[in-house]
Structures are given as structure tokens and as C-alpha cells.
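Here is the structure we will look at, set down as C-alpha cells.
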Amino acid sequence: KEILNEEFKSLGFFISDHPLNEFSEIFKQLNIISYDDFYHNNQSEGIVAGTIMSIQEKKSSKGTPYAILKLSDNKEEFELFLFSEILVSNRDKLTESDSVVLTLQKDKNLNEGTKKRINVRKILSVNEVIDKPYSKVTIELSENFKIDEIKQILSSMGDTQIDIIINNENKKVFYTLENKRNFDLKHYKALKGREYVSKITV
């Protein structure tokens with residue numbers, strides 16, 4: 001991350017990697033897609049991630065502030081217009097080289113063939129999204145799982161419902177933990193790296 005920040009400070013773009021690549025797997029789990037995929041799909045609303053390349057604040061003829069936000073993801077650079085309300089309430093998150101997750105909405109009133117107008121409905125920092133505990137998690141294990149390791153990782157009580165599937169020969173055994181646990185990206189990474197974890201769905 002430090003190398004990427006220095007690249008951006010020196011050059012204004014990234015060379016060795018893109019900051020969002022670190023989160024690509026968890027983005028898939030959370031249905032966070034690229035801007036290009038959202039722009040061309042048939043969904044009216046979607047969640048995308050982007051790294052801020054620049055922000056230009058301006059004022060309308062009435063004196064209200066607005067901004068043009070330039071971002072990049074793994075596929076391309078794109079620009080979004082921020083109206084006064086969304087700009088003012090999210091200024092603390094709008095820093096160059098930082099990554100954000102945006103809830104976007106397409107304008108429904110455009111005719112076919114007209115360039116789509118994209119409205120920003122919500123802005124969260126990547127950390128706000130990544131560090132947020134998940135509401136439900138399903139962990140699929142092979143039969144050589146290590147119960148002591150799992151108990152240690154899932155030892156903290158929290159707000160996440162944990163379902164566990166154990167593959168035993170040709171059968172699958174399903175469990176739901178009686179008490180909810182604390183489960184966020186830290187726990188996801190800790191379990192994902194274990195050889196006996198086949199799949200984690202959040």
C-alpha cells in the first residue's frame with residue numbers, strides 16, 4: 001500500500017498494482033462490481049468500488065457546491081458527478097489515492113441510445129465496508145478440519161450467524177452455531193487460508 005501511495009504521489013497513477021486488487025475476492029462475495037459492468041447491465045442500482053484519482057469542486061450559479069469525481073478500478077477510469085448534499089456529507093472520505101465503495105443508480109427517464117446518467121446515492125470508505133461484520137456466513141469444511149483452530153478464530157461473540165457444512169465422504173452435514181459470532185474480513189482471511197476450508201460464502 002505504501003509503494004502504491006508513493007507511485008500515485010510521484011506520477012498521479014499506479015504502476016505495480018491497483019489498490020483494489022487486494023479486495024477482489026471479498027468484492028465478489030459482496031456483489032461489488034466494476035463500473036463498466038454496472039453501466040452496461042440492466043440493473044437500476046448497483047455497488048461499485050473505485051480509487052479516487054482527482055476531485056474538482058465547483059459552485060453552481062446559485063452558489064451551491066458540487067464536484068466531479070474521477071476514479072479508477074481494475075478495468076478503467078471513470079467520472080461521477082456529486083451533488084451538493086452527497087458532497088458535503090462525504091468530504092472526509094474524498095481524498096486522492098483513497099478507495100471508496102459507491103452505491104450508484106441509473107436515471108430511469110433516459111431514452112434508449114442516450115448516454116446513461118449515473119447518480120451517486122451513497123459513499124463508504126473501503127475500510128467501512130471491509131471491516132463491517134457480515135450478517136451471515138456459511139463455511140464449508142472438508143472432513144480433515146481442525147476444530148480447535150476454528151473455535152479459536154470464531155471465539156468472539158458478535159452479530160454474525162455462522163452456518164457450517166462438513167463434507168464427510170458422500171454426505172454433507174449442516175450445523176448452525178447456537179450463538180452469533182464476530183466475523184469480518186480479518187476472520188474471513190484467517191479461515192480462507194486453512195487447507196481444510198473448501199468455501200466461505202458471505
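Letters for chains follow the order of the C-alpha cells (A, B, ...), residue numbers begin at 1 for each chain, and ligand numbers begin at 1 in the order shown.
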
Distance query Ile200 of chain A at most 12 Å, only C-alpha atoms, self and fewer than 4 positions along chain excluded, as a PyMOL selection string:
chain A and resi 25-26+28-30+134+136-141+162-165+183-185+187-194+196

Run DSSP on the backbone and give me the residues of segment 64-200 of chain A it puts in alpha helix (DSSP H), as a list in words.
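Here are the alpha helix (DSSP H) residues of segment 64-200 of chain A: Ser84, Glu85, Ile86, Leu87, Val88, Ser89, Val126, Asn127, Glu128, Val129, Ile130, Ile147, Asp148, Glu149, Ile150, Lys151, Gln152, Ile153, Leu185, Lys186, His187, Tyr188, Lys189, Ala190, Leu191 and Lys192 of chain A.
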
How many Å separate atom CA of Glu85 of chain A from atom CA of Asp37 of chain A?
26.5 Å

Within 10 Å of Ser44 of chain A, counting only C-alpha atoms, which residues show up once you throw out same-chain ones fewer than 4 positions away? Write them as a list in words, please.
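Contacts, with the query itself left out: Phe38, Tyr39, Leu104, Gln105, Lys106, Asp107, Lys108 and Ile118 of chain A.
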
Write the residues of the selection above to a file with N, CA and C atoms, as an mmCIF file, in the first residue's frame.
data_model
loop_
_atom_site.group_PDB
_atom_site.id
_atom_site.type_symbol
_atom_site.label_atom_id
_atom_site.label_comp_id
_atom_site.auth_asym_id
_atom_site.auth_seq_id
_atom_site.Cartn_x
_atom_site.Cartn_y
_atom_site.Cartn_z
ATOM 1 N N PHE A 38 -21.514 -2.386 -14.218
ATOM 2 C CA PHE A 38 -22.751 -1.730 -13.787
ATOM 3 C C PHE A 38 -23.354 -0.886 -14.908
ATOM 4 N N TYR A 39 -22.519 -0.144 -15.610
ATOM 5 C CA TYR A 39 -23.000 0.761 -16.650
ATOM 6 C C TYR A 39 -23.724 -0.007 -17.757
ATOM 7 N N LEU A 104 -24.634 3.239 -6.642
ATOM 8 C CA LEU A 104 -24.984 4.045 -7.803
ATOM 9 C C LEU A 104 -26.375 3.697 -8.303
ATOM 10 N N GLN A 105 -27.004 4.674 -8.943
ATOM 11 C CA GLN A 105 -28.344 4.482 -9.507
ATOM 12 C C GLN A 105 -28.394 5.099 -10.891
ATOM 13 N N LYS A 106 -28.970 4.356 -11.838
ATOM 14 C CA LYS A 106 -29.127 4.875 -13.190
ATOM 15 C C LYS A 106 -30.407 5.688 -13.295
ATOM 16 N N ASP A 107 -30.360 6.768 -14.070
ATOM 17 C CA ASP A 107 -31.549 7.574 -14.323
ATOM 18 C C ASP A 107 -32.526 6.755 -15.160
ATOM 19 N N LYS A 108 -33.763 6.640 -14.692
ATOM 20 C CA LYS A 108 -34.766 5.802 -15.386
ATOM 21 C C LYS A 108 -35.422 6.502 -16.567
ATOM 22 N N ILE A 118 -25.645 8.587 -14.320
ATOM 23 C CA ILE A 118 -25.423 7.806 -13.106
ATOM 24 C C ILE A 118 -25.429 8.729 -11.897
#

Would you list the contacts of Ile55 of chain A as a PyMOL selection string, taking every protein, DNA or RNA residue within 7 Å and counting only C-alpha atoms, but skipping same-chain residues closer than 5 positions in sequence?
chain A and resi 67-70

Write to file, as a PDB file, in the first residue's frame, the residues of the selection just made, with C-alpha atoms.
ATOM      1  CA  ALA A  67     -17.883  18.117  -7.601  1.00  0.00           C
ATOM      2  CA  ILE A  68     -16.595  15.963 -10.435  1.00  0.00           C
ATOM      3  CA  LEU A  69     -15.004  12.826  -9.033  1.00  0.00           C
ATOM      4  CA  LYS A  70     -12.511  10.911 -11.180  1.00  0.00           C
TER       5      LYS A  70
END

Which is closest to Ile130 of chain A among A:Lys62, A:Lys75, A:Lys186, A:Lys171, if we use only C-alpha atoms?
A:Lys186

Using atom CA of Val197 of chain A and atom CA of Lys172 of chain A as the two end points, give the distance in Å to one decimal.
14.0 Å
